[in-house]
>>> print(open('my_file22.tsv').read())   # TSV, C-alpha atoms and all ligand atoms
chain	number	residue	atom	x	y	z
Q	1	MET	CA	-34.89	-127.03	-78.71
Q	2	ARG	CA	-33.66	-126.12	-75.25
Q	3	VAL	CA	-36.37	-125.70	-72.63
Q	4	LEU	CA	-35.98	-124.18	-69.18
Q	5	VAL	CA	-38.60	-125.67	-66.85
Q	6	ILE	CA	-39.91	-124.39	-63.51
Q	7	GLU	CA	-42.14	-126.51	-61.24
Q	8	THR	CA	-43.43	-125.21	-57.90
Q	9	SER	CA	-46.94	-126.67	-57.63
Q	10	CYS	CA	-46.55	-128.25	-54.20
Q	11	ASP	CA	-43.61	-128.79	-51.85
Q	12	GLU	CA	-40.90	-129.58	-54.38
Q	13	THR	CA	-39.04	-126.70	-56.01
Q	14	ALA	CA	-37.65	-127.96	-59.32
Q	15	VAL	CA	-35.74	-126.38	-62.19
Q	16	SER	CA	-34.52	-128.25	-65.27
Q	17	VAL	CA	-32.92	-127.56	-68.59
Q	18	LEU	CA	-33.92	-130.08	-71.25
Q	19	GLU	CA	-32.73	-130.54	-74.79
Q	20	CYS	CA	-35.75	-131.80	-76.71
Q	21	SER	CA	-35.94	-133.19	-80.22
Q	22	GLY	CA	-38.44	-134.99	-82.43
Q	23	ASP	CA	-42.18	-134.96	-82.06
Q	24	THR	CA	-45.01	-137.11	-80.70
Q	25	LEU	CA	-43.77	-140.00	-82.87
Q	26	ASN	CA	-40.19	-140.08	-81.69
Q	27	ALA	CA	-39.37	-137.38	-79.13
Q	28	GLU	CA	-36.11	-137.58	-77.20
Q	29	PHE	CA	-35.18	-135.61	-74.14
Q	30	ARG	CA	-31.70	-135.02	-72.83
Q	31	VAL	CA	-31.40	-133.68	-69.32
Q	32	LEU	CA	-28.79	-130.90	-69.40
Q	33	GLY	CA	-29.45	-129.63	-65.90
Q	34	ASN	CA	-31.77	-130.75	-63.12
Q	35	ALA	CA	-32.01	-129.20	-59.65
Q	36	LEU	CA	-34.67	-130.22	-57.15
Q	37	TYR	CA	-35.21	-129.28	-53.54
Q	38	SER	CA	-37.84	-131.08	-51.48
Q	39	GLN	CA	-39.32	-129.06	-48.62
Q	40	ALA	CA	-41.07	-132.14	-47.19
Q	41	HIS	CA	-39.00	-132.15	-43.97
Q	42	LEU	CA	-40.08	-128.54	-43.29
Q	43	HIS	CA	-43.75	-129.40	-43.65
Q	44	ALA	CA	-43.45	-132.52	-41.50
Q	45	GLU	CA	-44.26	-130.70	-38.26
Q	46	TYR	CA	-47.56	-129.50	-39.77
Q	47	GLY	CA	-48.42	-133.03	-40.91
Q	48	GLY	CA	-49.06	-131.79	-44.46
Q	49	VAL	CA	-48.06	-129.06	-46.88
Q	50	PHE	CA	-48.43	-125.58	-45.39
Q	51	PRO	CA	-49.06	-123.26	-48.39
Q	52	THR	CA	-47.50	-120.06	-46.99
Q	53	LEU	CA	-44.36	-121.91	-45.99
Q	54	ALA	CA	-44.22	-123.62	-49.41
Q	55	LYS	CA	-44.44	-120.24	-51.14
Q	56	ARG	CA	-41.74	-118.69	-48.95
Q	57	GLU	CA	-39.41	-121.64	-49.57
Q	58	HIS	CA	-39.98	-121.56	-53.34
Q	59	ILE	CA	-39.12	-117.85	-53.43
Q	60	LYS	CA	-36.03	-118.45	-51.34
Q	61	ASN	CA	-34.73	-121.44	-53.30
Q	62	LEU	CA	-35.59	-120.77	-56.94
Q	63	PRO	CA	-32.58	-118.51	-57.73
Q	64	ALA	CA	-30.04	-121.01	-56.37
Q	65	LEU	CA	-31.73	-123.95	-58.11
Q	66	LEU	CA	-31.76	-122.03	-61.39
Q	67	ALA	CA	-28.06	-121.30	-61.02
Q	68	THR	CA	-27.35	-124.98	-60.34
Q	69	ALA	CA	-29.40	-126.13	-63.33
Q	70	PHE	CA	-27.65	-123.59	-65.57
Q	71	ARG	CA	-24.20	-124.58	-64.31
Q	72	GLU	CA	-24.96	-128.25	-64.94
Q	73	ALA	CA	-26.30	-127.44	-68.40
Q	74	ALA	CA	-23.15	-125.46	-69.23
Q	75	SER	CA	-20.95	-128.38	-68.24
Q	76	ALA	CA	-23.18	-130.88	-70.11
Q	77	THR	CA	-22.83	-128.83	-73.28
Q	78	ALA	CA	-19.16	-128.04	-72.67
Q	79	SER	CA	-19.89	-124.35	-72.85
Q	80	ILE	CA	-18.69	-121.63	-70.57
Q	81	TYR	CA	-21.53	-120.17	-68.58
Q	82	ASP	CA	-21.24	-116.40	-68.58
Q	83	SER	CA	-24.16	-115.00	-66.62
Q	84	ARG	CA	-23.47	-111.52	-68.06
Q	85	LYS	CA	-24.63	-112.74	-71.47
Q	86	GLN	CA	-28.37	-112.53	-72.10
Q	87	ASN	CA	-28.91	-116.19	-73.04
Q	88	PRO	CA	-25.60	-118.03	-72.88
Q	89	LEU	CA	-27.13	-121.52	-72.99
Q	90	GLY	CA	-29.31	-120.84	-76.00
Q	91	ILE	CA	-32.60	-121.48	-74.20
Q	92	ASP	CA	-35.49	-121.42	-76.71
Q	93	LEU	CA	-38.52	-121.71	-74.45
Q	94	VAL	CA	-39.45	-121.41	-70.79
Q	95	ALA	CA	-42.21	-123.68	-69.40
Q	96	VAL	CA	-43.82	-123.33	-66.00
Q	97	THR	CA	-46.48	-125.34	-64.17
Q	98	SER	CA	-49.59	-123.16	-63.81
Q	99	GLY	CA	-51.92	-125.77	-62.29
Q	100	PRO	CA	-53.22	-127.74	-60.59
Q	101	GLY	CA	-51.56	-127.35	-57.19
Q	102	LEU	CA	-51.34	-124.81	-54.38
Q	103	GLU	CA	-52.11	-121.41	-55.87
Q	104	PRO	CA	-49.63	-119.33	-53.83
Q	105	ALA	CA	-46.92	-121.84	-54.73
Q	106	LEU	CA	-47.90	-121.86	-58.42
Q	107	TRP	CA	-47.85	-118.05	-58.62
Q	108	THR	CA	-44.32	-118.02	-57.27
Q	109	GLY	CA	-43.15	-120.22	-60.13
Q	110	ILE	CA	-45.11	-118.26	-62.73
Q	111	GLU	CA	-43.71	-114.88	-61.64
Q	112	PHE	CA	-40.19	-116.27	-61.53
Q	113	ALA	CA	-40.60	-117.88	-64.98
Q	114	LYS	CA	-42.01	-114.66	-66.46
Q	115	ALA	CA	-39.01	-112.68	-65.28
Q	116	GLU	CA	-36.61	-115.34	-66.55
Q	117	ALA	CA	-38.29	-115.60	-69.97
Q	118	ALA	CA	-38.14	-111.80	-70.32
Q	119	ARG	CA	-34.48	-111.74	-69.30
Q	120	LEU	CA	-33.62	-114.52	-71.78
Q	121	GLY	CA	-35.81	-112.96	-74.48
Q	122	VAL	CA	-37.75	-116.19	-75.22
Q	123	PRO	CA	-41.42	-117.25	-75.11
Q	124	LEU	CA	-43.04	-118.57	-71.94
Q	125	VAL	CA	-45.69	-121.33	-71.89
Q	126	GLY	CA	-47.88	-122.65	-69.09
Q	127	ALA	CA	-47.78	-126.39	-68.37
Q	128	ASP	CA	-50.13	-128.74	-66.56
Q	129	HIS	CA	-48.89	-130.79	-63.64
Q	130	MET	CA	-51.15	-133.78	-64.36
Q	131	GLU	CA	-50.24	-133.77	-68.07
Q	132	GLY	CA	-46.67	-134.04	-66.82
Q	133	HIS	CA	-47.57	-137.09	-64.72
Q	134	ILE	CA	-49.18	-138.73	-67.79
Q	135	ILE	CA	-46.13	-138.09	-69.99
Q	136	SER	CA	-43.84	-139.41	-67.22
Q	137	ALA	CA	-45.35	-142.86	-67.84
Q	138	LEU	CA	-44.99	-142.66	-71.62
Q	139	VAL	CA	-41.24	-142.09	-71.71
Q	140	THR	CA	-38.53	-144.63	-70.97
Q	141	LYS	CA	-35.11	-143.85	-69.60
Q	142	SER	CA	-32.81	-144.60	-72.50
Q	143	GLY	CA	-29.47	-143.55	-70.96
Q	144	ASP	CA	-27.98	-141.84	-67.91
Q	145	THR	CA	-29.43	-138.50	-68.89
Q	146	THR	CA	-31.84	-139.32	-71.70
Q	147	TYR	CA	-35.50	-140.26	-71.97
Q	148	LYS	CA	-37.31	-141.42	-75.09
Q	149	LEU	CA	-41.01	-141.25	-75.85
Q	150	THR	CA	-42.26	-144.76	-76.55
Q	151	LEU	CA	-44.92	-144.36	-79.21
Q	152	PRO	CA	-48.10	-145.34	-77.34
Q	153	ASP	CA	-51.13	-147.09	-78.80
Q	154	PHE	CA	-54.28	-145.00	-78.46
Q	155	PRO	CA	-56.67	-144.83	-76.75
Q	156	ILE	CA	-54.62	-144.27	-73.62
Q	157	LEU	CA	-56.27	-144.61	-70.22
Q	158	ALA	CA	-54.38	-142.56	-67.63
Q	159	LEU	CA	-54.63	-143.61	-63.99
Q	160	LEU	CA	-53.43	-140.57	-62.07
Q	161	ILE	CA	-52.74	-141.30	-58.41
Q	162	SER	CA	-51.08	-138.59	-56.37
Q	163	GLY	CA	-51.46	-136.58	-53.18
Q	164	GLY	CA	-54.09	-134.32	-54.73
Q	165	HIS	CA	-55.61	-136.48	-57.49
Q	166	THR	CA	-57.14	-139.86	-58.14
Q	167	GLU	CA	-58.52	-139.86	-61.67
Q	168	LEU	CA	-59.06	-142.06	-64.68
Q	169	ILE	CA	-58.74	-140.01	-67.85
Q	170	LEU	CA	-59.08	-141.20	-71.43
Q	171	MET	CA	-56.87	-139.83	-74.21
Q	172	ARG	CA	-58.20	-140.79	-77.64
Q	173	GLU	CA	-55.51	-138.69	-79.24
Q	174	TRP	CA	-52.73	-136.42	-78.04
Q	175	PHE	CA	-53.95	-133.78	-75.62
Q	176	SER	CA	-57.64	-134.61	-75.80
Q	177	TYR	CA	-58.98	-135.68	-72.43
Q	178	GLU	CA	-62.20	-137.29	-71.25
Q	179	LEU	CA	-62.92	-137.84	-67.57
Q	180	ILE	CA	-63.84	-141.48	-66.85
Q	181	GLY	CA	-63.75	-141.43	-63.06
Q	182	ARG	CA	-62.39	-139.51	-60.12
Q	183	THR	CA	-62.38	-139.53	-56.37
Q	184	LYS	CA	-65.45	-138.11	-54.67
Q	185	ASP	CA	-63.42	-137.08	-51.62
Q	186	ASP	CA	-59.79	-137.76	-50.69
Q	187	ALA	CA	-57.04	-138.64	-53.16
Q	188	VAL	CA	-55.40	-142.01	-52.64
Q	189	GLY	CA	-52.03	-140.41	-51.77
Q	190	GLU	CA	-53.80	-138.20	-49.25
Q	191	ALA	CA	-55.35	-141.33	-47.69
Q	192	PHE	CA	-51.88	-142.91	-47.46
Q	193	ASP	CA	-50.58	-139.72	-45.79
Q	194	LYS	CA	-53.52	-139.52	-43.36
Q	195	VAL	CA	-53.20	-143.17	-42.39
Q	196	ALA	CA	-49.49	-142.55	-41.85
Q	197	ARG	CA	-50.38	-139.79	-39.38
Q	198	LEU	CA	-52.76	-142.11	-37.55
Q	199	LEU	CA	-49.90	-144.59	-37.29
Q	200	ASP	CA	-47.50	-141.84	-36.10
Q	201	PHE	CA	-45.30	-142.09	-39.18
Q	202	PRO	CA	-43.68	-138.80	-40.23
Q	203	TYR	CA	-44.91	-136.79	-43.26
Q	204	PRO	CA	-44.91	-137.59	-46.17
Q	205	GLY	CA	-46.15	-140.88	-44.89
Q	206	GLY	CA	-47.22	-142.71	-48.07
Q	207	PRO	CA	-43.89	-144.47	-48.58
Q	208	LYS	CA	-43.66	-145.27	-44.82
Q	209	VAL	CA	-47.08	-146.97	-44.90
Q	210	ALA	CA	-45.94	-148.93	-47.96
Q	211	GLU	CA	-42.75	-150.04	-46.19
Q	212	ALA	CA	-44.67	-151.09	-43.08
Q	213	ALA	CA	-47.17	-153.03	-45.21
Q	214	ALA	CA	-44.33	-154.74	-47.05
Q	215	ARG	CA	-42.79	-155.88	-43.75
Q	216	ALA	CA	-46.15	-157.33	-42.65
Q	217	ARG	CA	-46.61	-159.04	-46.00
Q	218	ALA	CA	-43.12	-160.54	-45.84
Q	219	ARG	CA	-43.90	-161.98	-42.39
Q	220	GLY	CA	-47.10	-163.42	-43.77
Q	221	THR	CA	-48.81	-163.91	-40.40
Q	222	ALA	CA	-52.61	-163.78	-40.41
Q	223	HIS	CA	-54.03	-160.76	-38.58
Q	224	GLY	CA	-57.70	-160.79	-39.53
Q	225	ILE	CA	-57.88	-157.02	-40.13
Q	226	VAL	CA	-60.05	-156.21	-43.16
Q	227	PHE	CA	-61.07	-152.70	-44.22
Q	228	PRO	CA	-63.94	-151.90	-46.60
Q	229	ARG	CA	-63.20	-151.55	-50.33
Q	230	PRO	CA	-64.98	-148.26	-51.01
Q	231	LEU	CA	-67.44	-148.02	-53.98
Q	232	ILE	CA	-66.06	-151.24	-55.36
Q	233	HIS	CA	-69.50	-152.55	-56.37
Q	234	GLU	CA	-70.89	-149.23	-57.57
Q	235	GLN	CA	-71.51	-149.04	-61.33
Q	236	SER	CA	-69.10	-146.18	-61.96
Q	237	CYS	CA	-65.39	-145.55	-62.23
Q	238	ASP	CA	-65.38	-143.15	-59.28
Q	239	PHE	CA	-63.30	-143.63	-56.17
Q	240	SER	CA	-63.71	-142.73	-52.51
Q	241	PHE	CA	-61.00	-142.95	-49.88
Q	242	SER	CA	-62.24	-140.93	-46.93
Q	243	GLY	CA	-64.41	-143.77	-45.54
Q	244	LEU	CA	-61.44	-146.10	-45.69
Q	245	LYS	CA	-59.32	-143.62	-43.75
Q	246	THR	CA	-62.11	-143.29	-41.14
Q	247	ALA	CA	-62.33	-147.09	-40.86
Q	248	VAL	CA	-58.60	-147.14	-40.08
Q	249	ARG	CA	-59.08	-144.42	-37.44
Q	250	TYR	CA	-61.87	-146.39	-35.70
Q	251	LYS	CA	-59.90	-149.61	-35.86
Q	252	LEU	CA	-56.89	-147.97	-34.21
Q	253	ARG	CA	-59.09	-146.35	-31.58
Q	254	ASP	CA	-60.48	-149.75	-30.61
Q	255	MET	CA	-57.10	-151.46	-30.47
Q	256	HIS	CA	-55.14	-151.56	-27.27
Q	257	ASP	CA	-51.91	-153.11	-28.35
Q	258	LEU	CA	-50.24	-150.72	-30.80
Q	259	SER	CA	-46.96	-152.52	-31.21
Q	260	ASP	CA	-44.89	-151.92	-34.34
Q	261	GLU	CA	-46.11	-155.28	-35.59
Q	262	THR	CA	-49.77	-154.30	-35.15
Q	263	LYS	CA	-49.18	-151.02	-36.96
Q	264	GLU	CA	-47.64	-152.97	-39.83
Q	265	HIS	CA	-50.71	-155.21	-40.00
Q	266	VAL	CA	-52.97	-152.16	-40.13
Q	267	ALA	CA	-50.79	-150.64	-42.87
Q	268	GLU	CA	-51.02	-153.87	-44.86
Q	269	ALA	CA	-54.81	-154.09	-44.49
Q	270	PHE	CA	-55.17	-150.44	-45.53
Q	271	GLU	CA	-52.89	-150.85	-48.53
Q	272	ASP	CA	-54.79	-154.00	-49.59
Q	273	ALA	CA	-58.08	-152.09	-49.52
Q	274	ALA	CA	-56.73	-149.03	-51.37
Q	275	ARG	CA	-55.09	-151.30	-53.97
Q	276	ASP	CA	-58.30	-153.28	-54.53
Q	277	ALA	CA	-60.29	-150.08	-55.04
Q	278	LEU	CA	-57.76	-148.85	-57.62
Q	279	ILE	CA	-57.79	-152.22	-59.40
Q	280	ALA	CA	-61.60	-152.54	-59.47
Q	281	LYS	CA	-62.10	-149.12	-61.05
Q	282	THR	CA	-59.21	-149.48	-63.47
Q	283	ARG	CA	-60.63	-152.84	-64.60
Q	284	ARG	CA	-64.03	-151.27	-65.17
Q	285	ALA	CA	-62.51	-148.32	-67.04
Q	286	LEU	CA	-60.42	-150.60	-69.29
Q	287	HIS	CA	-63.57	-152.56	-70.19
Q	288	GLU	CA	-65.57	-149.38	-70.81
Q	289	THR	CA	-62.97	-147.61	-72.93
Q	290	ASN	CA	-61.18	-150.45	-74.75
Q	291	ALA	CA	-57.96	-148.58	-74.09
Q	292	LEU	CA	-54.78	-150.09	-75.54
Q	293	THR	CA	-52.40	-148.35	-73.15
Q	294	LEU	CA	-52.72	-147.84	-69.40
Q	295	ALA	CA	-50.45	-144.99	-68.28
Q	296	VAL	CA	-50.04	-144.81	-64.51
Q	297	GLY	CA	-48.70	-141.55	-63.08
Q	298	GLY	CA	-48.38	-139.58	-59.83
Q	299	GLY	CA	-46.55	-140.21	-56.56
Q	300	VAL	CA	-48.52	-143.36	-55.69
Q	301	SER	CA	-47.33	-144.97	-58.94
Q	302	ALA	CA	-44.14	-145.63	-56.94
Q	303	ASN	CA	-46.08	-148.05	-54.71
Q	304	THR	CA	-44.77	-151.58	-55.25
Q	305	GLU	CA	-47.98	-153.35	-54.29
Q	306	VAL	CA	-50.12	-151.14	-56.54
Q	307	ARG	CA	-47.70	-151.69	-59.44
Q	308	ARG	CA	-47.67	-155.44	-58.88
Q	309	ALA	CA	-51.46	-155.63	-58.81
Q	310	LEU	CA	-51.85	-153.50	-61.95
Q	311	GLN	CA	-49.30	-155.67	-63.80
Q	312	ASP	CA	-51.19	-158.73	-62.63
Q	313	LEU	CA	-54.49	-157.26	-63.85
Q	314	GLY	CA	-52.90	-156.66	-67.25
Q	315	THR	CA	-51.36	-160.12	-67.55
Q	316	LYS	CA	-54.48	-162.00	-66.47
Q	317	GLU	CA	-57.31	-159.94	-67.91
Q	318	PHE	CA	-55.97	-157.45	-70.46
Q	319	PRO	CA	-53.02	-159.10	-72.23
Q	320	ASP	CA	-53.31	-156.69	-75.18
Q	321	VAL	CA	-53.05	-153.57	-73.04
Q	322	HIS	CA	-49.60	-152.08	-72.60
Q	323	ILE	CA	-49.16	-151.00	-68.98
Q	324	ALA	CA	-46.78	-148.07	-68.64
Q	325	PHE	CA	-45.25	-146.84	-65.37
Q	326	PRO	CA	-42.86	-143.93	-64.87
Q	327	HIS	CA	-39.18	-144.60	-64.30
Q	328	PRO	CA	-38.45	-144.18	-60.54
Q	329	SER	CA	-36.70	-140.89	-61.31
Q	330	LEU	CA	-40.04	-139.51	-62.53
Q	331	THR	CA	-42.67	-140.84	-60.08
Q	332	GLY	CA	-42.53	-137.95	-57.61
Q	333	ASP	CA	-42.94	-134.31	-58.55
Q	334	ASN	CA	-40.17	-133.07	-60.85
Q	335	ALA	CA	-39.56	-130.51	-63.56
Q	336	LEU	CA	-38.48	-133.04	-66.20
Q	337	MET	CA	-41.97	-134.42	-66.83
Q	338	ILE	CA	-43.33	-130.87	-66.97
Q	339	GLY	CA	-40.79	-129.88	-69.62
Q	340	MET	CA	-41.48	-133.03	-71.66
Q	341	ALA	CA	-45.23	-132.37	-71.63
Q	342	ALA	CA	-44.77	-128.69	-72.51
Q	343	TYR	CA	-42.40	-129.53	-75.37
Q	344	LEU	CA	-44.76	-132.17	-76.81
Q	345	ARG	CA	-47.64	-129.67	-76.78
Q	346	HIS	CA	-45.38	-127.11	-78.41
Q	347	THR	CA	-44.26	-129.49	-81.16
Q	348	THR	CA	-47.87	-130.41	-81.98
Q	349	GLU	CA	-48.62	-126.67	-82.13
Q	350	LYS	CA	-51.03	-126.93	-79.24
Q	351	ASP	CA	-51.21	-123.80	-77.13
Q	352	GLY	CA	-49.65	-123.95	-73.70
Q	353	HIS	CA	-51.90	-123.93	-70.67
Q	354	PRO	CA	-52.99	-120.54	-69.27
Q	355	LEU	CA	-50.35	-118.56	-67.41
Q	356	GLU	CA	-52.66	-117.85	-64.50
Q	357	ALA	CA	-52.29	-120.11	-61.49
Q	358	ASN	CA	-55.26	-122.42	-61.18
Q	359	GLY	CA	-55.16	-124.71	-58.18
Q	360	SER	CA	-58.03	-126.97	-59.22
Q	361	ARG	CA	-57.71	-127.03	-63.00
Q	362	SER	CA	-58.73	-130.34	-64.53
Q	363	LEU	CA	-57.42	-131.78	-67.80
Q	364	ALA	CA	-60.80	-133.23	-68.75
F	1	LIG	O1	-47.31	-136.72	-57.44
F	1	LIG	P1	-46.81	-136.43	-56.08
F	1	LIG	O2	-45.32	-136.48	-55.82
F	1	LIG	O3	-47.31	-135.03	-55.60
F	1	LIG	C1	-48.60	-134.58	-55.94
F	1	LIG	O4	-48.77	-134.13	-57.09
F	1	LIG	O5	-49.47	-134.75	-55.06
F	1	LIG	O6	-47.54	-137.45	-55.08
F	1	LIG	C2	-47.29	-137.40	-53.71
F	1	LIG	C3	-48.12	-138.47	-53.03
F	1	LIG	C4	-48.07	-138.36	-51.51
F	1	LIG	O7	-49.38	-138.50	-51.00
F	1	LIG	C5	-47.19	-139.53	-51.13
F	1	LIG	O8	-47.43	-140.02	-49.84
F	1	LIG	C6	-47.57	-140.54	-52.18
F	1	LIG	O9	-47.65	-139.77	-53.37
F	1	LIG	N1	-46.57	-141.61	-52.33
F	1	LIG	C7	-46.83	-142.91	-52.06
F	1	LIG	C8	-45.63	-143.61	-52.31
F	1	LIG	N2	-44.69	-142.71	-52.72
F	1	LIG	C9	-45.29	-141.49	-52.74
F	1	LIG	N3	-47.94	-143.53	-51.63
F	1	LIG	C10	-47.89	-144.86	-51.46
F	1	LIG	N4	-46.78	-145.60	-51.67
F	1	LIG	C11	-45.64	-145.03	-52.10
F	1	LIG	N5	-44.54	-145.78	-52.31
F	2	ZN	ZN	-47.64	-134.56	-58.61
>>> encode(input="my_file22.tsv", output="structure tokens")
Amino acid sequence: MRVLVIETSCDETAVSVLECSGDTLNAEFRVLGNALYSQAHLHAEYGGVFPTLAKREHIKNLPALLATAFREAASATASIYDSRKQNPLGIDLVAVTSGPGLEPALWTGIEFAKAEAARLGVPLVGADHMEGHIISALVTKSGDTTYKLTLPDFPILALLISGGHTELILMREWFSYELIGRTKDDAVGEAFDKVARLLDFPYPGGPKVAEAAARARARGTAHGIVFPRPLIHEQSCDFSFSGLKTAVRYKLRDMHDLSDETKEHVAEAFEDAARDALIAKTRRALHETNALTLAVGGGVSANTEVRRALQDLGTKEFPDVHIAFPHPSLTGDNALMIGMAAYLRHTTEKDGHPLEANGSRSLA
């Protein structure tokens, strides 16, 4: 089955063509075409994603990205792409992210996908961005352009850590979701981005904070900065990151010497605290749920220190739990994971998600 995928939930515009086969036991995905444009540099001057600008950029860039993805798919399948034909690539299904995300941005993708599905004469299904992040952890890259679903052991505990979400969700079976914990305020990625702004690092700052923290850690000099680990002793699996961000703000306000080295120490102390909060709640959730797989997804799953600590937690305390991370090509927002999730729903005869944009839709 060939699936055309459109993802416009935030500040990445992404279009893919995937060839999908198998089912939830053995699915394989071949990337025929994949075009992605990150608007991040345009949002940098606003210090975060500016929804109207995101929408305008999606509208502007979708046609060219679609053309690129189609051209790549034609060359991957050694076919001649004739745009005058109704469906020259034999697309069977169109999938589009309908939530969660920025509603104006989501609507842009949905309207574009509707028009494309009608033009191709194929069905259109809605997909869920967070379901995509979960599936991104459950596939392994099996070749230059192929991904394979590795049959997971259920129950699966998903730790979703992105710019908009910090959630622990339990999957007892495919596509059934139970909320175990979530952030009461900021998402962990948002905290990374806000701390980056306090440190004068450009948006999106999460990776910059991580790099600064890594430099401090490599130096290994003591700095005595310790931030609170929010909610770590509370008897729940909920998170909170806004107090931590405020603690960083006050610390910086009180400091006089803001050398690069000091900033790196602050970044390290912040990352340590955020990491410990993620670990404490994941530990609690693994105990509570007896999950056999921990699937980590979302932009923050790219963080080396968080990955290391989660691996360490698994090795030392949960040796029977398989800990699954996305391949680096799938950690950030992309259309591939969206297409994989939509296809897997389709093959299990689960309905797609609604085709109305819903910015705050939750899986659980
Ligand atoms: O999943 P994603 O690409 O977009 C959303 O769905 O939100 O996640 C983006 C978030 C941003 O907050 C970004 O700063 C953060 O993931 N991020 C990181 C790292 N790479 C991306 N945070 C910490 N360390 C990283 N290496
Ligand atoms: Zn995302």
>>> residues_near_ligand(input="my_file22.tsv", ligand="ligand ZN 2 (chain F)", cutoff="7 Å", atoms="only C-alpha atoms and all ligand atoms", output="PDB file with C-alpha atoms, keeping the file's coordinate frame")
ATOM      1  CA  HIS Q 129     -48.890-130.790 -63.640  1.00  0.00           C
ATOM      2  CA  MET Q 130     -51.150-133.780 -64.360  1.00  0.00           C
ATOM      3  CA  HIS Q 133     -47.570-137.090 -64.720  1.00  0.00           C
ATOM      4  CA  SER Q 162     -51.080-138.590 -56.370  1.00  0.00           C
ATOM      5  CA  GLY Q 163     -51.460-136.580 -53.180  1.00  0.00           C
ATOM      6  CA  GLY Q 298     -48.380-139.580 -59.830  1.00  0.00           C
ATOM      7  CA  GLY Q 299     -46.550-140.210 -56.560  1.00  0.00           C
ATOM      8  CA  GLY Q 332     -42.530-137.950 -57.610  1.00  0.00           C
ATOM      9  CA  ASP Q 333     -42.940-134.310 -58.550  1.00  0.00           C
TER      10      ASP Q 333
END
>>> closest_residue(input="my_file22.tsv", among="Q:Leu65, Q:Leu4, Q:Ala214, Q:Val248", to="ligand LIG 1 (chain F)", atoms="all atoms listed in the file")
Q:Ala214
>>> residues_near_ligand(input="my_file22.tsv", ligand="ligand LIG 1 (chain F)", cutoff="7 Å", atoms="only C-alpha atoms and all ligand atoms", output="list in words")
Cys10, Ser162, Gly163, Gly164, His165, Gly189, Glu190, Phe192, Asp193, Pro204, Gly205, Gly206, Pro207, Val209, Ala210, Gly298, Gly299, Val300, Ser301, Ala302, Asn303, Thr304, Thr331, Gly332 and Asp333 of chain Q
>>> closest_residue(input="my_file22.tsv", among="Q:Arg283, Q:His223, Q:His58, Q:Arg197", to="Thr13 in chain Q", atoms="all atoms listed in the file")
Q:His58
>>> closest_residue(input="my_file22.tsv", among="Q:Ser329, Q:Gln235, Q:Thr8, Q:Ser360", to="Val96 in chain Q", atoms="only C-alpha atoms")
Q:Thr8
>>> atom_distance(input="my_file22.tsv", atom1="CA of Pro354 in chain Q", atom2="CA of Gly126 in chain Q")
5.5 Å
>>> residues_around(input="my_file22.tsv", residues="Pro152 in chain Q", least_positions_apart="3", cutoff="12 Å", atoms="all atoms listed in the file", output="PyMOL selection string")
chain Q and resi 24-27+134-135+137-140+148-149+155-158+171-174+291-295+321-324
>>> closest_residue(input="my_file22.tsv", among="Q:Phe175, Q:Tyr203, Q:Tyr147, Q:Phe227", to="Leu42 in chain Q", atoms="all atoms listed in the file")
Q:Tyr203
>>> closest_residue(input="my_file22.tsv", among="Q:Gly90, Q:Thr347, Q:Ala95, Q:Gly109", to="Glu57 in chain Q", atoms="all atoms listed in the file")
Q:Gly109
>>> closest_residue(input="my_file22.tsv", among="Q:Ala213, Q:Leu168, Q:Leu198, Q:Leu252", to="Gly297 in chain Q", atoms="all atoms listed in the file")
Q:Leu168
>>> atom_distance(input="my_file22.tsv", atom1="CA of Gly352 in chain Q", atom2="CA of Ile110 in chain Q")
13.2 Å
>>> residues_near_point(input="my_file22.tsv", point="(-47.6, -126.0, -65.7)", cutoff="10 Å", atoms="only C-alpha atoms", output="count of residues only")
35
>>> residues_around(input="my_file22.tsv", residues="range 50-53 of chain Q", least_positions_apart="4", cutoff="10 Å", atoms="all atoms listed in the file", output="VMD selection string")
chain Q and resid 10 to 11 39 42 to 46 57 to 59 102 to 105
>>> write_last_selection(input="my_file22.tsv", atoms="C-alpha atoms", output="PDB file, keeping the file's coordinate frame")
ATOM      1  CA  CYS Q  10     -46.550-128.250 -54.200  1.00  0.00           C
ATOM      2  CA  ASP Q  11     -43.610-128.790 -51.850  1.00  0.00           C
ATOM      3  CA  GLN Q  39     -39.320-129.060 -48.620  1.00  0.00           C
ATOM      4  CA  LEU Q  42     -40.080-128.540 -43.290  1.00  0.00           C
ATOM      5  CA  HIS Q  43     -43.750-129.400 -43.650  1.00  0.00           C
ATOM      6  CA  ALA Q  44     -43.450-132.520 -41.500  1.00  0.00           C
ATOM      7  CA  GLU Q  45     -44.260-130.700 -38.260  1.00  0.00           C
ATOM      8  CA  TYR Q  46     -47.560-129.500 -39.770  1.00  0.00           C
ATOM      9  CA  GLU Q  57     -39.410-121.640 -49.570  1.00  0.00           C
ATOM     10  CA  HIS Q  58     -39.980-121.560 -53.340  1.00  0.00           C
ATOM     11  CA  ILE Q  59     -39.120-117.850 -53.430  1.00  0.00           C
ATOM     12  CA  LEU Q 102     -51.340-124.810 -54.380  1.00  0.00           C
ATOM     13  CA  GLU Q 103     -52.110-121.410 -55.870  1.00  0.00           C
ATOM     14  CA  PRO Q 104     -49.630-119.330 -53.830  1.00  0.00           C
ATOM     15  CA  ALA Q 105     -46.920-121.840 -54.730  1.00  0.00           C
TER      16      ALA Q 105
END
>>> atom_distance(input="my_file22.tsv", atom1="CA of Ser136 in chain Q", atom2="CA of Ser79 in chain Q")
28.8 Å
>>> residues_around(input="my_file22.tsv", residues="Phe29 in chain Q", least_positions_apart="6", cutoff="9 Å", atoms="only C-alpha atoms", output="PyMOL selection string")
chain Q and resi 18-22+145-149+336+340
